[in-house]
Amino acid sequence: MNIKKLYKASALAVILLAMGSFANAQMNTLTAKEKKEGWKLLFDGKTSTGWRGANMATFPTAANGWVIKDGLLTIMAANGGESANVGDIVTVDEYSAFELSFDFKLTRGANSGVKYFVTLKENSGASAIGLEYQILDDAVHPDAKLGRDGDRTLASLYDLKTSTKGNAVRPIGEWNTGKVIVFPNNHVEHWLNGVKVLEYERKSPEFRELVKISKYKVWKDFGEADKGHILLQDHGNEVSYKNIKIKVLK
């Protein structure tokens, strides 16, 4: 390689490295505009501050469980299925009306979930109970074919209402952005990559009818708590999260 080509290659490498460093620097941060609007980070990219195990007082520290590395919060794969690793994690704080945004990346065949209005009172024995924004590889994981009319597929209100995501899904291994908005009047929306994929009215007669024909019918007043924790689910599969942030709505 001649000097000119070597210089160009070195310059390109420096540019790419700088771009990568810039991208990493932007993870798990808030813009001045977001701060002014009231957004708060739920994950700082470095520590477990603000989170704890759903069934423990502290954050699970097992090396093969929830791992914080390179700005990502990752639940590692484990044998045995749901909560077979170290279990779910929840926010220390509870929320009522809010806008929650999070980036997630699935591995092939993976299953997880982001739950809200989690009270931890149900003593379910496995994953903690709450309204769930489903995180799933629809093409491979068998759960996508269970439930009713696809109500266990990606971005659905798990086992209650099916998302209409169309072409909004990005391929396995790429990052997707999920969003849950709970308005003060209990109107709820699920979004995927900037597309609204479902909406419903929490506590409404229609919502209660959906609960009656779901797995949640055994829990009194399911999904109707005035406030609850945000939960990230350990379902035994590797899934990564970043840029988890919330804005309280009033």
# chains A, B, ... in the order shown; residues from 1 in each chain; ligands from 1
call {"tool": "residues_around", "arguments": {"residues": "range 219-232 of chain A", "least_positions_apart": "3", "cutoff": "7 Å", "atoms": "only C-alpha atoms", "output": "number ranges by chain"}}
result
A: 88-91, 93-96, 113-119, 130-131, 202-203, 216
call {"tool": "write_last_selection", "arguments": {"atoms": "N, CA and C atoms", "output": "mmCIF file, in the first residue's frame"}}
result
data_model
loop_
_atom_site.group_PDB
_atom_site.id
_atom_site.type_symbol
_atom_site.label_atom_id
_atom_site.label_comp_id
_atom_site.auth_asym_id
_atom_site.auth_seq_id
_atom_site.Cartn_x
_atom_site.Cartn_y
_atom_site.Cartn_z
ATOM 1 N N ASP A 88 -36.771 -11.327 37.470
ATOM 2 C CA ASP A 88 -37.073 -9.996 36.947
ATOM 3 C C ASP A 88 -36.423 -8.906 37.802
ATOM 4 N N ILE A 89 -36.290 -7.714 37.207
ATOM 5 C CA ILE A 89 -35.870 -6.550 37.976
ATOM 6 C C ILE A 89 -36.947 -5.476 37.843
ATOM 7 N N VAL A 90 -37.078 -4.659 38.873
ATOM 8 C CA VAL A 90 -38.088 -3.599 38.886
ATOM 9 C C VAL A 90 -37.450 -2.284 39.324
ATOM 10 N N THR A 91 -38.104 -1.201 38.944
ATOM 11 C CA THR A 91 -37.665 0.102 39.433
ATOM 12 C C THR A 91 -37.965 0.215 40.921
ATOM 13 N N ASP A 93 -38.737 3.011 42.293
ATOM 14 C CA ASP A 93 -39.875 3.927 42.345
ATOM 15 C C ASP A 93 -41.099 3.343 41.637
ATOM 16 N N GLU A 94 -42.267 3.904 41.968
ATOM 17 C CA GLU A 94 -43.511 3.518 41.328
ATOM 18 C C GLU A 94 -44.070 4.703 40.544
ATOM 19 N N TYR A 95 -44.876 4.393 39.526
ATOM 20 C CA TYR A 95 -45.377 5.424 38.619
ATOM 21 C C TYR A 95 -46.856 5.194 38.327
ATOM 22 N N SER A 96 -47.560 6.288 38.038
ATOM 23 C CA SER A 96 -48.984 6.196 37.699
ATOM 24 C C SER A 96 -49.237 6.627 36.265
ATOM 25 N N GLY A 113 -39.944 -8.950 28.311
ATOM 26 C CA GLY A 113 -41.103 -8.073 28.393
ATOM 27 C C GLY A 113 -40.820 -6.878 29.275
ATOM 28 N N VAL A 114 -41.525 -5.788 29.009
ATOM 29 C CA VAL A 114 -41.483 -4.609 29.859
ATOM 30 C C VAL A 114 -42.871 -4.473 30.475
ATOM 31 N N LYS A 115 -42.940 -4.605 31.795
ATOM 32 C CA LYS A 115 -44.235 -4.560 32.480
ATOM 33 C C LYS A 115 -44.383 -3.253 33.248
ATOM 34 N N TYR A 116 -45.632 -2.854 33.435
ATOM 35 C CA TYR A 116 -45.916 -1.621 34.157
ATOM 36 C C TYR A 116 -47.129 -1.828 35.065
ATOM 37 N N PHE A 117 -47.281 -0.966 36.047
ATOM 38 C CA PHE A 117 -48.248 -1.155 37.133
ATOM 39 C C PHE A 117 -48.020 -2.498 37.836
ATOM 40 N N VAL A 118 -46.762 -2.776 38.094
ATOM 41 C CA VAL A 118 -46.368 -3.987 38.816
ATOM 42 C C VAL A 118 -46.422 -3.693 40.316
ATOM 43 N N THR A 119 -47.252 -4.420 41.041
ATOM 44 C CA THR A 119 -47.427 -4.161 42.471
ATOM 45 C C THR A 119 -46.633 -5.119 43.354
ATOM 46 N N GLY A 130 -47.938 -7.969 35.847
ATOM 47 C CA GLY A 130 -48.228 -6.586 35.494
ATOM 48 C C GLY A 130 -48.664 -6.502 34.052
ATOM 49 N N LEU A 131 -49.144 -5.359 33.640
ATOM 50 C CA LEU A 131 -49.452 -5.120 32.234
ATOM 51 C C LEU A 131 -48.142 -5.191 31.461
ATOM 52 N N ARG A 202 -57.496 1.688 30.293
ATOM 53 C CA ARG A 202 -57.310 0.933 31.525
ATOM 54 C C ARG A 202 -58.483 1.201 32.466
ATOM 55 N N LYS A 203 -58.924 0.166 33.152
ATOM 56 C CA LYS A 203 -60.043 0.220 34.102
ATOM 57 C C LYS A 203 -61.416 0.326 33.441
ATOM 58 N N TYR A 216 -54.907 -13.601 33.251
ATOM 59 C CA TYR A 216 -54.891 -12.721 34.415
ATOM 60 C C TYR A 216 -56.199 -12.723 35.205
#
call {"tool": "select_by_dssp", "arguments": {"residues": "range 157-196 of chain A", "states": "strand (DSSP E or B)", "output": "PyMOL selection string"}}
result
chain A and resi 157+161+176-182+187-192+195-196
call {"tool": "write_last_selection", "arguments": {"atoms": "C-alpha atoms", "output": "short mmCIF file (atom, residue, chain, number, x, y, z; two decimals), in the first residue's frame"}}
result
data_model
loop_
_atom_site.label_atom_id
_atom_site.label_comp_id
_atom_site.auth_asym_id
_atom_site.auth_seq_id
_atom_site.Cartn_x
_atom_site.Cartn_y
_atom_site.Cartn_z
CA LEU A 157 -50.44 -5.99 25.51
CA LYS A 161 -54.66 -7.09 23.01
CA ASN A 176 -35.95 -1.34 18.28
CA THR A 177 -37.51 1.48 20.29
CA GLY A 178 -40.56 0.71 22.39
CA LYS A 179 -42.79 3.22 24.12
CA VAL A 180 -45.66 3.01 26.59
CA ILE A 181 -47.77 6.07 27.31
CA VAL A 182 -50.23 6.04 30.21
CA HIS A 187 -55.83 5.91 28.17
CA VAL A 188 -52.81 3.74 27.28
CA GLU A 189 -50.80 3.47 24.06
CA HIS A 190 -48.04 1.11 22.88
CA TRP A 191 -45.60 2.39 20.24
CA LEU A 192 -42.89 0.63 18.24
CA VAL A 195 -45.60 3.80 15.13
CA LYS A 196 -48.59 3.55 17.47
#
call {"tool": "closest_residue", "arguments": {"among": "A:Ser101, A:Thr49, A:Ser112, A:Thr29", "to": "Asp234 in chain A", "atoms": "only C-alpha atoms"}}
result
A:Ser112
call {"tool": "atom_distance", "arguments": {"atom1": "CA of Gln134 in chain A", "atom2": "CA of Asn79 in chain A"}}
result
20.5 Å
call {"tool": "select_by_dssp", "arguments": {"residues": "range 69-233 of chain A", "states": "alpha helix (DSSP H)", "output": "MDAnalysis selection string"}}
result
chainID A and resid 205:212
call {"tool": "write_last_selection", "arguments": {"atoms": "C-alpha atoms", "output": "PDB file, in the first residue's frame"}}
result
ATOM      1  CA  PRO A 205     -65.529  -2.189  30.999  1.00  0.00           C
ATOM      2  CA  GLU A 206     -63.849  -3.274  27.738  1.00  0.00           C
ATOM      3  CA  PHE A 207     -60.516  -3.728  29.518  1.00  0.00           C
ATOM      4  CA  ARG A 208     -62.141  -5.806  32.244  1.00  0.00           C
ATOM      5  CA  GLU A 209     -63.767  -8.054  29.649  1.00  0.00           C
ATOM      6  CA  LEU A 210     -60.352  -8.697  28.103  1.00  0.00           C
ATOM      7  CA  VAL A 211     -58.970  -9.616  31.531  1.00  0.00           C
ATOM      8  CA  LYS A 212     -61.821 -12.079  32.089  1.00  0.00           C
TER       9      LYS A 212
END
call {"tool": "residues_around", "arguments": {"residues": "range 120-125 of chain A", "least_positions_apart": "3", "cutoff": "8 Å", "atoms": "only C-alpha atoms", "output": "PyMOL selection string"}}
result
chain A and resi 54+128-129+219
